[in-house]
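Undergrad: Let me give you the structure first, and then I'll get to my questions.
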Amino acid sequence: MAREEVVQAASAYLAEVGELRQALEQLRDRAGELADGWDRRDDSLRYAGHPVGWAAEQLASPLADLSTAAARLRAVIDVLGDPTRCGVPWPVCRHCPGVGLSSSGGDAWCPRCGRGWPQVEVEPCPWPIAATVTDQHGGQVRWCASHAASATERLIGASVRFDDEVGEGSA
Ligand SMILES: [Zn+2]
Ligand SMILES: [Zn+2]
């Protein structure tokens with residue numbers, strides 16, 4: 001997909017996720033109010049009402065998931081909407097050329113230098129574009145220095161030209 005198409009789709013999804021979040025928030029608040037105001041003077045009634053309290057608590061989890069989705073969509077829009085940023089979907093360390101980041105639980109870190117980031121800040125790749133990668137069929141993409149450093153390993157037959165290597169006259 002072209003970057004602009006991805007940004008467009010992400011913006012549309014962000015709006016839908018926002019609406020879903022609002023609806024779910026209202027639902028959670030209603031369930032919470034119902035549980036809080038539950039008549040506990042009678043034991044049978046109190047017992048029957050416990051699951052309403054659990055439901056209210058558990059609605060926090062999908063709300064957190066939707067917040068994560070919104071944060072990822074915003075990152076996609078920010079990065080892919082900016083033509084000076086790399087945008088490759090898998091994250092790499094900015095300081096260790098070509099080294100992919102490990103991630104878990106929303107955190108990403110470099111297995112070589114140990115630097116860490118929130119995953120959403122490095123996916124898609126936010127580093128500045130610094131090279132042109134040409135694949136074996138002549139297709140060209142613009143990547144950051146770190147992604148470009150591993151391009152020849154990732155793309156068979158690819159060639160890489162770093163922007164700062166471009167001699168005078170060829171620009
Ligand atoms: Zn590193
Ligand atoms: Zn990159």
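In the structure tokens, each chain is lettered A, B, ... as it comes, each chain's residues begin at 1, and ligands are numbered from 1 in order of appearance.
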Could you report the residues within 9 Å of ligand 1, using only C-alpha atoms and all ligand atoms, as a ChimeraX atom specification?
TA: /A:92-97,99-101,109-116
Undergrad: For the residues in that selection, give me C-alpha atoms as a short mmCIF file (atom, residue, chain, number, x, y, z; two decimals), in the first residue's frame.
TA:
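Listing of out_31.cif after writing:
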```cif
data_model
loop_
_atom_site.label_atom_id
_atom_site.label_comp_id
_atom_site.auth_asym_id
_atom_site.auth_seq_id
_atom_site.Cartn_x
_atom_site.Cartn_y
_atom_site.Cartn_z
CA VAL A 92 15.44 -1.09 14.56
CA CYS A 93 17.93 0.64 16.86
CA ARG A 94 18.88 4.09 15.68
CA HIS A 95 22.33 3.75 17.20
CA CYS A 96 23.23 0.21 16.10
CA PRO A 97 22.90 0.03 12.32
CA VAL A 99 19.96 -4.23 14.66
CA GLY A 100 16.28 -5.12 15.12
CA LEU A 101 14.61 -4.30 18.45
CA TRP A 109 14.74 -2.47 23.40
CA CYS A 110 17.98 -2.96 21.53
CA PRO A 111 19.62 -6.32 22.23
CA ARG A 112 23.04 -4.80 21.44
CA CYS A 113 23.23 -1.43 23.25
CA GLY A 114 20.32 -1.92 25.66
CA ARG A 115 18.56 1.34 24.83
CA GLY A 116 14.77 1.16 25.23
#
```
Undergrad: Enumerate as a PyMOL selection string the residues within 10 Å of ligand 2, counting only C-alpha atoms and all ligand atoms.
TA: chain A and resi 85-94+97-98+100+122-131+142-149
Undergrad: Would you mind listing what lies within 10 Å of Gly105 in chain A as a PyMOL selection string, with only C-alpha atoms counted and same-chain residues fewer than 3 positions away left out?
TA: chain A and resi 108+118-119
Undergrad: Can you write out the residues you just picked, keeping C-alpha atoms, as a short mmCIF file (atom, residue, chain, number, x, y, z; two decimals), in the first residue's frame?
TA:
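As a result, selection-v4.cif now contains:
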```
data_model
loop_
_atom_site.label_atom_id
_atom_site.label_comp_id
_atom_site.auth_asym_id
_atom_site.auth_seq_id
_atom_site.Cartn_x
_atom_site.Cartn_y
_atom_site.Cartn_z
CA ALA A 108 11.01 -2.25 22.79
CA PRO A 118 7.93 2.52 24.25
CA GLN A 119 7.09 0.25 21.31
#
```
Undergrad: Using only C-alpha atoms, which residues sit within 12 Å of Pro62 in chain A once same-chain residues fewer than 3 positions away are excluded, as a VMD selection string?
TA: chain A and resid 17 20 to 25 27 to 28 55 to 59 65 to 69
Undergrad: Would you compute the distance between CA of Gln140 in chain A and CA of Phe162 in chain A? Give it in Å to one decimal.
TA: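 CA of Phe162 in chain A lies at a distance of 12.8 Å from CA of Gln140 in chain A.
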Undergrad: I'd like the interatomic distance between CA of Thr132 in chain A and CA of Ser102 in chain A, to a tenth of an Å.
TA: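 Rounded to one decimal, the two atoms are 25.3 Å apart.
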Undergrad: Using the chain letters and numbers from this document, which residues of chain A does DSSP assign to helix (DSSP H, G or I), as a PyMOL selection string?
TA: chain A and resi 3-36+43-58+60-80+119-121+145-149+151-154+163-165
Undergrad: Mind writing the picked residues with C-alpha atoms as a PDB file, in the first residue's frame?
TA:
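Output below, filename part12.pdb:
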```pdb
ATOM      1  CA  ARG A   3       1.975   5.541   2.427  1.00  0.00           C
ATOM      2  CA  GLU A   4      -0.856   8.010   1.801  1.00  0.00           C
ATOM      3  CA  GLU A   5      -3.349   5.139   1.566  1.00  0.00           C
ATOM      4  CA  VAL A   6      -2.128   3.720   4.874  1.00  0.00           C
ATOM      5  CA  VAL A   7      -2.427   7.129   6.545  1.00  0.00           C
ATOM      6  CA  GLN A   8      -5.949   7.534   5.179  1.00  0.00           C
ATOM      7  CA  ALA A   9      -7.039   4.101   6.372  1.00  0.00           C
ATOM      8  CA  ALA A  10      -5.409   4.657   9.780  1.00  0.00           C
ATOM      9  CA  SER A  11      -7.230   7.986  10.189  1.00  0.00           C
ATOM     10  CA  ALA A  12     -10.567   6.352   9.408  1.00  0.00           C
ATOM     11  CA  TYR A  13      -9.867   3.533  11.866  1.00  0.00           C
ATOM     12  CA  LEU A  14      -8.769   6.015  14.520  1.00  0.00           C
ATOM     13  CA  ALA A  15     -12.158   7.729  14.298  1.00  0.00           C
ATOM     14  CA  GLU A  16     -13.978   4.384  14.587  1.00  0.00           C
ATOM     15  CA  VAL A  17     -11.827   3.225  17.489  1.00  0.00           C
ATOM     16  CA  GLY A  18     -12.548   6.558  19.195  1.00  0.00           C
ATOM     17  CA  GLU A  19     -16.291   6.017  18.881  1.00  0.00           C
ATOM     18  CA  LEU A  20     -16.012   2.462  20.138  1.00  0.00           C
ATOM     19  CA  ARG A  21     -14.004   3.685  23.113  1.00  0.00           C
ATOM     20  CA  GLN A  22     -16.624   6.262  23.971  1.00  0.00           C
ATOM     21  CA  ALA A  23     -19.422   3.709  23.806  1.00  0.00           C
ATOM     22  CA  LEU A  24     -17.453   1.288  25.948  1.00  0.00           C
ATOM     23  CA  GLU A  25     -16.611   4.014  28.456  1.00  0.00           C
ATOM     24  CA  GLN A  26     -20.287   4.818  28.855  1.00  0.00           C
ATOM     25  CA  LEU A  27     -21.042   1.144  29.299  1.00  0.00           C
ATOM     26  CA  ARG A  28     -18.319   0.800  31.922  1.00  0.00           C
ATOM     27  CA  ASP A  29     -19.576   3.874  33.782  1.00  0.00           C
ATOM     28  CA  ARG A  30     -23.149   2.562  33.756  1.00  0.00           C
ATOM     29  CA  ALA A  31     -22.052  -0.846  34.996  1.00  0.00           C
ATOM     30  CA  GLY A  32     -19.963   0.872  37.689  1.00  0.00           C
ATOM     31  CA  GLU A  33     -22.860   3.028  38.846  1.00  0.00           C
ATOM     32  CA  LEU A  34     -25.177   0.038  38.917  1.00  0.00           C
ATOM     33  CA  ALA A  35     -22.675  -1.970  40.978  1.00  0.00           C
ATOM     34  CA  ASP A  36     -21.961   0.928  43.351  1.00  0.00           C
ATOM     35  CA  ASP A  43     -27.823 -11.247  51.129  1.00  0.00           C
ATOM     36  CA  SER A  44     -29.414 -12.958  48.112  1.00  0.00           C
ATOM     37  CA  LEU A  45     -29.659  -9.678  46.287  1.00  0.00           C
ATOM     38  CA  ARG A  46     -26.069  -8.759  47.208  1.00  0.00           C
ATOM     39  CA  TYR A  47     -24.832 -12.151  46.011  1.00  0.00           C
ATOM     40  CA  ALA A  48     -26.663 -11.808  42.711  1.00  0.00           C
ATOM     41  CA  GLY A  49     -25.119  -8.383  42.179  1.00  0.00           C
ATOM     42  CA  HIS A  50     -21.453  -9.386  42.522  1.00  0.00           C
ATOM     43  CA  PRO A  51     -21.027 -10.248  38.823  1.00  0.00           C
ATOM     44  CA  VAL A  52     -22.210  -6.776  37.884  1.00  0.00           C
ATOM     45  CA  GLY A  53     -19.239  -5.400  39.805  1.00  0.00           C
ATOM     46  CA  TRP A  54     -16.897  -7.827  38.050  1.00  0.00           C
ATOM     47  CA  ALA A  55     -18.304  -6.826  34.694  1.00  0.00           C
ATOM     48  CA  ALA A  56     -17.652  -3.163  35.485  1.00  0.00           C
ATOM     49  CA  GLU A  57     -14.048  -3.967  36.461  1.00  0.00           C
ATOM     50  CA  GLN A  58     -13.418  -6.140  33.430  1.00  0.00           C
ATOM     51  CA  ALA A  60     -11.383  -1.621  31.840  1.00  0.00           C
ATOM     52  CA  SER A  61      -9.365  -4.200  29.908  1.00  0.00           C
ATOM     53  CA  PRO A  62     -10.927  -3.721  26.434  1.00  0.00           C
ATOM     54  CA  LEU A  63     -10.766   0.025  27.057  1.00  0.00           C
ATOM     55  CA  ALA A  64      -7.020  -0.264  27.555  1.00  0.00           C
ATOM     56  CA  ASP A  65      -6.763  -2.347  24.362  1.00  0.00           C
ATOM     57  CA  LEU A  66      -8.638   0.301  22.404  1.00  0.00           C
ATOM     58  CA  SER A  67      -6.321   2.982  23.821  1.00  0.00           C
ATOM     59  CA  THR A  68      -3.363   0.925  22.610  1.00  0.00           C
ATOM     60  CA  ALA A  69      -4.952   0.624  19.166  1.00  0.00           C
ATOM     61  CA  ALA A  70      -5.510   4.393  19.060  1.00  0.00           C
ATOM     62  CA  ALA A  71      -1.883   5.058  20.053  1.00  0.00           C
ATOM     63  CA  ARG A  72      -0.630   2.720  17.315  1.00  0.00           C
ATOM     64  CA  LEU A  73      -2.885   4.332  14.723  1.00  0.00           C
ATOM     65  CA  ARG A  74      -1.642   7.779  15.759  1.00  0.00           C
ATOM     66  CA  ALA A  75       1.963   6.575  15.373  1.00  0.00           C
ATOM     67  CA  VAL A  76       1.169   5.252  11.881  1.00  0.00           C
ATOM     68  CA  ILE A  77      -0.418   8.578  10.940  1.00  0.00           C
ATOM     69  CA  ASP A  78       2.474  10.626  12.418  1.00  0.00           C
ATOM     70  CA  VAL A  79       5.281   8.598  10.877  1.00  0.00           C
ATOM     71  CA  LEU A  80       3.854   7.593   7.500  1.00  0.00           C
ATOM     72  CA  GLN A 119       7.090   0.246  21.311  1.00  0.00           C
ATOM     73  CA  VAL A 120       4.626   2.757  19.913  1.00  0.00           C
ATOM     74  CA  GLU A 121       7.454   5.320  19.548  1.00  0.00           C
ATOM     75  CA  ALA A 145      20.347   4.658   7.931  1.00  0.00           C
ATOM     76  CA  SER A 146      19.740   1.754  10.307  1.00  0.00           C
ATOM     77  CA  HIS A 147      17.235  -0.050   8.084  1.00  0.00           C
ATOM     78  CA  ALA A 148      19.395   0.626   5.035  1.00  0.00           C
ATOM     79  CA  ALA A 149      22.359  -0.954   6.824  1.00  0.00           C
ATOM     80  CA  ALA A 151      18.865  -3.977   3.483  1.00  0.00           C
ATOM     81  CA  THR A 152      21.312  -6.194   1.626  1.00  0.00           C
ATOM     82  CA  GLU A 153      20.651  -8.987   4.171  1.00  0.00           C
ATOM     83  CA  ARG A 154      16.889  -8.555   4.092  1.00  0.00           C
ATOM     84  CA  ASP A 163      22.322  10.135   0.890  1.00  0.00           C
ATOM     85  CA  ASP A 164      25.573  11.447   2.331  1.00  0.00           C
ATOM     86  CA  GLU A 165      27.535   9.346  -0.137  1.00  0.00           C
TER      87      GLU A 165
END
```
